[in-house]
Amino acid sequence: MPSPVSIVTVTYDAFFYIRLLVEKVREFVGSREYEIVVVDRGSRDGSREWLREQPDVRLVVKRQWSARHTHGEAAEAGVQVAKHGIIVLLDSDAHPVNDQWLALTADRLDDRCRLAGAQFHSPRRDNPYGWYIHPHFMTFLKADLGQHIVLRKTRGRDTDTGEESTVRLLNAGLEVTGYPIEFCERFSVGHPTFPTVSAGVFHAWYSTRLAKNTGEVSRETAGVITQENYAEPLRKLLRESYQLDY
């Protein structure tokens with residue numbers, strides 16, 4: 001029997017994607033024991049009401065009181081209350097698309113391999129390896145949180161969320177298993193890079209950030225990704241493909 005997992009995600013006013021995540025986890029989790037821990041940052045779009053009705057979801061409300069981006073701290077809060085030893089961290093706008101997603105990642109973890117997931121390439125000053133496991137899909141051992149696994153930004157370090165964990169593990173001589181992040185042609189909405197799929201997990205990228213940080217996303221993507229030309233067409237395509245009624 002495969003090891004049980006705690007699937008942790010952080011959400012804020014993203015009802016469409018968080019419901020899709022929950023439903024796709026159920027579809028592709030298989031026979032293993034699992035729980036879904038959702039850390040909600042103060043949603044007002046009906047997300048919390050729907051999540052409270054789901055028998056396999058544990059809801060943690062952790063409101064964001066400032067403008068500072070504290071997604072990593074919220075994710076750590078979800079990991080801390082998780083009841084299983086293997087953690088599967090997903091962004092709220094990610095979801096599994098086939099039944100190999102946990103076999104490729106969570107089931108690879110052991111005394112040597114301590115982190116697995118989507119491999120993101122990005123040169124940064126404090127990362128000599130040039131790549132890291134991106135937090136939209138990363139699996140690790142709960143026991144490593146706070147030592148090898150750090151989800152929040154580390155003061156004085158030029159590393160991204162998930163990146164510090166990769167660097168610490170590799171520096172300690174432990175193994176990290178990464179899978180390429182590839183363009184997801186099935187859900188193409190005209191952008192040449194996004195959305196993506198990696199190790200059996202789809203990621204929308206930017207979709208949930210647009211509503212809260214429209215200007216920031218516009219600057220990052222040179223105005224290419226907007227609600228009108230990316231977020232709305234992508235949701236429409238997902239609804240049609242999965243025959244969703246929400």
# chains A, B, ... in the order shown; residues from 1 in each chain; ligands from 1
>>> closest_atom_pairs(of="segment 43-145 of chain A", to="segment 6-23 of chain A", cutoff="12 Å", atoms="only C-alpha atoms", output="JSON lines")
{"residue": "A:Ser43", "atom": "CA", "partner": "A:Asp13", "partner_atom": "CA", "distance": 4.5}
{"residue": "A:Arg44", "atom": "CA", "partner": "A:Asp13", "partner_atom": "CA", "distance": 6.1}
{"residue": "A:Asp45", "atom": "CA", "partner": "A:Asp13", "partner_atom": "CA", "distance": 5.4}
{"residue": "A:Gly46", "atom": "CA", "partner": "A:Phe15", "partner_atom": "CA", "distance": 6.7}
{"residue": "A:Ser47", "atom": "CA", "partner": "A:Phe15", "partner_atom": "CA", "distance": 4.9}
{"residue": "A:Arg48", "atom": "CA", "partner": "A:Phe15", "partner_atom": "CA", "distance": 8.6}
{"residue": "A:Glu49", "atom": "CA", "partner": "A:Phe15", "partner_atom": "CA", "distance": 10.1}
{"residue": "A:Trp50", "atom": "CA", "partner": "A:Arg19", "partner_atom": "CA", "distance": 8.2}
{"residue": "A:Leu51", "atom": "CA", "partner": "A:Arg19", "partner_atom": "CA", "distance": 8.0}
{"residue": "A:Arg52", "atom": "CA", "partner": "A:Arg19", "partner_atom": "CA", "distance": 11.7}
{"residue": "A:Glu53", "atom": "CA", "partner": "A:Arg19", "partner_atom": "CA", "distance": 11.6}
{"residue": "A:Gln54", "atom": "CA", "partner": "A:Val22", "partner_atom": "CA", "distance": 9.0}
{"residue": "A:Pro55", "atom": "CA", "partner": "A:Val22", "partner_atom": "CA", "distance": 10.9}
{"residue": "A:Asp56", "atom": "CA", "partner": "A:Val22", "partner_atom": "CA", "distance": 8.8}
{"residue": "A:Val57", "atom": "CA", "partner": "A:Val22", "partner_atom": "CA", "distance": 8.2}
{"residue": "A:Arg58", "atom": "CA", "partner": "A:Val8", "partner_atom": "CA", "distance": 9.5}
{"residue": "A:Leu59", "atom": "CA", "partner": "A:Val10", "partner_atom": "CA", "distance": 10.1}
{"residue": "A:Val60", "atom": "CA", "partner": "A:Val10", "partner_atom": "CA", "distance": 9.3}
{"residue": "A:Val61", "atom": "CA", "partner": "A:Val10", "partner_atom": "CA", "distance": 9.8}
{"residue": "A:Lys62", "atom": "CA", "partner": "A:Val10", "partner_atom": "CA", "distance": 9.4}
{"residue": "A:Arg63", "atom": "CA", "partner": "A:Tyr12", "partner_atom": "CA", "distance": 9.1}
{"residue": "A:Gln64", "atom": "CA", "partner": "A:Tyr12", "partner_atom": "CA", "distance": 9.4}
{"residue": "A:Thr70", "atom": "CA", "partner": "A:Val10", "partner_atom": "CA", "distance": 10.4}
{"residue": "A:His71", "atom": "CA", "partner": "A:Val10", "partner_atom": "CA", "distance": 7.1}
{"residue": "A:Gly72", "atom": "CA", "partner": "A:Val10", "partner_atom": "CA", "distance": 9.0}
{"residue": "A:Glu73", "atom": "CA", "partner": "A:Val10", "partner_atom": "CA", "distance": 9.9}
{"residue": "A:Ala74", "atom": "CA", "partner": "A:Val10", "partner_atom": "CA", "distance": 6.7}
{"residue": "A:Ala75", "atom": "CA", "partner": "A:Val10", "partner_atom": "CA", "distance": 6.1}
{"residue": "A:Glu76", "atom": "CA", "partner": "A:Val8", "partner_atom": "CA", "distance": 9.1}
{"residue": "A:Ala77", "atom": "CA", "partner": "A:Val8", "partner_atom": "CA", "distance": 9.6}
{"residue": "A:Gly78", "atom": "CA", "partner": "A:Val8", "partner_atom": "CA", "distance": 6.1}
{"residue": "A:Val79", "atom": "CA", "partner": "A:Val8", "partner_atom": "CA", "distance": 6.6}
{"residue": "A:Gln80", "atom": "CA", "partner": "A:Val8", "partner_atom": "CA", "distance": 10.1}
{"residue": "A:Val81", "atom": "CA", "partner": "A:Ser6", "partner_atom": "CA", "distance": 9.6}
{"residue": "A:Ala82", "atom": "CA", "partner": "A:Ser6", "partner_atom": "CA", "distance": 5.9}
{"residue": "A:Lys83", "atom": "CA", "partner": "A:Ser6", "partner_atom": "CA", "distance": 6.8}
{"residue": "A:His84", "atom": "CA", "partner": "A:Ser6", "partner_atom": "CA", "distance": 5.4}
{"residue": "A:Gly85", "atom": "CA", "partner": "A:Ser6", "partner_atom": "CA", "distance": 7.5}
{"residue": "A:Ile86", "atom": "CA", "partner": "A:Ser6", "partner_atom": "CA", "distance": 6.2}
{"residue": "A:Ile87", "atom": "CA", "partner": "A:Ser6", "partner_atom": "CA", "distance": 5.0}
{"residue": "A:Val88", "atom": "CA", "partner": "A:Ile7", "partner_atom": "CA", "distance": 4.6}
{"residue": "A:Leu89", "atom": "CA", "partner": "A:Val8", "partner_atom": "CA", "distance": 4.9}
{"residue": "A:Leu90", "atom": "CA", "partner": "A:Thr9", "partner_atom": "CA", "distance": 5.2}
{"residue": "A:Asp91", "atom": "CA", "partner": "A:Thr9", "partner_atom": "CA", "distance": 5.7}
{"residue": "A:Ser92", "atom": "CA", "partner": "A:Ile18", "partner_atom": "CA", "distance": 5.4}
{"residue": "A:Asp93", "atom": "CA", "partner": "A:Tyr17", "partner_atom": "CA", "distance": 5.1}
{"residue": "A:Ala94", "atom": "CA", "partner": "A:Leu21", "partner_atom": "CA", "distance": 6.5}
{"residue": "A:His95", "atom": "CA", "partner": "A:Leu21", "partner_atom": "CA", "distance": 4.8}
{"residue": "A:Pro96", "atom": "CA", "partner": "A:Leu21", "partner_atom": "CA", "distance": 7.6}
{"residue": "A:Val97", "atom": "CA", "partner": "A:Leu21", "partner_atom": "CA", "distance": 10.1}
{"residue": "A:Leu102", "atom": "CA", "partner": "A:Ile7", "partner_atom": "CA", "distance": 10.7}
{"residue": "A:Ala106", "atom": "CA", "partner": "A:Ser6", "partner_atom": "CA", "distance": 10.3}
{"residue": "A:Pro135", "atom": "CA", "partner": "A:Thr9", "partner_atom": "CA", "distance": 10.0}
{"residue": "A:His136", "atom": "CA", "partner": "A:Thr9", "partner_atom": "CA", "distance": 9.0}
{"residue": "A:Phe137", "atom": "CA", "partner": "A:Thr9", "partner_atom": "CA", "distance": 9.8}
{"residue": "A:Met138", "atom": "CA", "partner": "A:Val8", "partner_atom": "CA", "distance": 10.1}
{"residue": "A:Thr139", "atom": "CA", "partner": "A:Ile7", "partner_atom": "CA", "distance": 9.0}
{"residue": "A:Phe140", "atom": "CA", "partner": "A:Ser6", "partner_atom": "CA", "distance": 10.3}
{"residue": "A:Leu141", "atom": "CA", "partner": "A:Ser6", "partner_atom": "CA", "distance": 10.2}
{"residue": "A:Lys142", "atom": "CA", "partner": "A:Ser6", "partner_atom": "CA", "distance": 9.3}
>>> select_by_dssp(residues="segment 88-232 of chain A", states="alpha helix (DSSP H)", output="ChimeraX atom specification")
/A:163-171,207-210,214-220,232
>>> atom_distance(atom1="atom CA of Glu185 of chain A", atom2="atom CA of Tyr230 of chain A")
14.0 Å
>>> atom_distance(atom1="atom CA of Ala116 of chain A", atom2="atom CA of Asn213 of chain A")
29.1 Å
>>> closest_residue(among="A:Phe202, A:Tyr129, A:Trp101, A:Phe187", to="Arg239 of chain A", atoms="only C-alpha atoms")
A:Phe187
>>> residues_around(residues="Ala211 of chain A", least_positions_apart="5", cutoff="12 Å", atoms="only C-alpha atoms", output="list in words")
Tyr12, Asp13, Ala14, Tyr206, Glu216, Val217, Ser218, Ile225, Thr226, Gln227, Glu228, Ala231 and Glu232 of chain A
>>> write_last_selection(atoms="C-alpha atoms", output="PDB file, in the first residue's frame")
ATOM      1  CA  TYR A  12      -7.218  33.382  -1.440  1.00  0.00           C
ATOM      2  CA  ASP A  13     -10.366  34.186  -3.450  1.00  0.00           C
ATOM      3  CA  ALA A  14      -9.665  31.418  -5.971  1.00  0.00           C
ATOM      4  CA  TYR A 206      -0.259  33.798 -12.781  1.00  0.00           C
ATOM      5  CA  GLU A 216       2.841  43.316 -10.796  1.00  0.00           C
ATOM      6  CA  VAL A 217       1.925  40.519 -13.217  1.00  0.00           C
ATOM      7  CA  SER A 218       1.716  43.003 -16.084  1.00  0.00           C
ATOM      8  CA  ILE A 225      -0.721  38.004 -19.408  1.00  0.00           C
ATOM      9  CA  THR A 226      -4.021  39.686 -18.528  1.00  0.00           C
ATOM     10  CA  GLN A 227      -7.461  38.615 -17.387  1.00  0.00           C
ATOM     11  CA  GLU A 228      -8.827  39.065 -20.904  1.00  0.00           C
ATOM     12  CA  ALA A 231      -7.017  33.999 -17.264  1.00  0.00           C
ATOM     13  CA  GLU A 232     -10.541  34.038 -18.698  1.00  0.00           C
TER      14      GLU A 232
END
>>> residues_around(residues="Leu104 of chain A", least_positions_apart="4", cutoff="7 Å", atoms="only C-alpha atoms", output="list of chain:residue names")
A:Gln100, A:Arg108, A:Ala199
>>> closest_atom_pairs(of="segment 94-138 of chain A", to="segment 144-158 of chain A", cutoff="8 Å", atoms="only C-alpha atoms", output="tab-separated table")
residue	atom	partner	partner_atom	distance
A:Arg124	CA	A:Asp158	CA	6.5
A:Arg125	CA	A:Asp158	CA	6.1
A:Asp126	CA	A:Asp158	CA	5.5
A:Asn127	CA	A:Asp158	CA	7.9
>>> write_last_selection(atoms="N, CA, C and O atoms", output="PDB file, in the first residue's frame")
ATOM      1  N   ARG A 124      20.501  32.383  -9.647  1.00  0.00           N
ATOM      2  CA  ARG A 124      20.469  33.334  -8.540  1.00  0.00           C
ATOM      3  C   ARG A 124      21.802  33.301  -7.807  1.00  0.00           C
ATOM      4  O   ARG A 124      22.506  32.290  -7.805  1.00  0.00           O
ATOM      5  N   ARG A 125      22.102  34.394  -7.172  1.00  0.00           N
ATOM      6  CA  ARG A 125      23.407  34.545  -6.519  1.00  0.00           C
ATOM      7  C   ARG A 125      23.679  33.456  -5.507  1.00  0.00           C
ATOM      8  O   ARG A 125      24.791  32.924  -5.426  1.00  0.00           O
ATOM      9  N   ASP A 126      22.679  33.092  -4.691  1.00  0.00           N
ATOM     10  CA  ASP A 126      22.895  32.147  -3.601  1.00  0.00           C
ATOM     11  C   ASP A 126      22.506  30.712  -3.949  1.00  0.00           C
ATOM     12  O   ASP A 126      22.340  29.877  -3.061  1.00  0.00           O
ATOM     13  N   ASN A 127      22.355  30.429  -5.235  1.00  0.00           N
ATOM     14  CA  ASN A 127      22.063  29.067  -5.670  1.00  0.00           C
ATOM     15  C   ASN A 127      23.098  28.628  -6.705  1.00  0.00           C
ATOM     16  O   ASN A 127      22.977  28.936  -7.890  1.00  0.00           O
TER      17      ASN A 127
END
>>> select_by_dssp(residues="segment 79-167 of chain A", states="strand (DSSP E)", output="list in words")
Ile86, Ile87, Val88, Leu89, Leu90, Ala94, His95, Pro96, Cys113, Arg114, Leu115, Ala116, Gly117, Ala118, Gln119, Phe120, His121, Trp131, Tyr132, Ile133, His134, Pro135, His136, Phe137, Met138, Thr139, Phe140 and Leu141 of chain A
>>> residues_around(residues="Val29 of chain A", least_positions_apart="3", cutoff="10 Å", atoms="only C-alpha atoms", output="list of chain:residue names")
A:Pro4, A:Val5, A:Lys24, A:Val25, A:Arg26, A:Arg32, A:Glu33, A:Tyr34, A:Pro96, A:Asn98, A:Asp99, A:Gln100, A:Trp101, A:Leu102, A:Ala103
>>> closest_residue(among="A:Gly130, A:Gly117, A:Gly223, A:Pro233", to="Gly200 of chain A", atoms="only C-alpha atoms")
A:Gly117
>>> closest_residue(among="A:Thr214, A:Thr177, A:Ser3, A:Thr221", to="Phe194 of chain A", atoms="only C-alpha atoms")
A:Thr221
>>> residues_around(residues="Trp131 of chain A", least_positions_apart="5", cutoff="9 Å", atoms="only C-alpha atoms", output="list in words")
Gln119, Phe120, His121, Ser122, Pro123, Arg124, Glu163, Thr166 and Val167 of chain A
>>> atom_distance(atom1="atom CA of Glu164 of chain A", atom2="atom CA of Pro192 of chain A")
28.4 Å
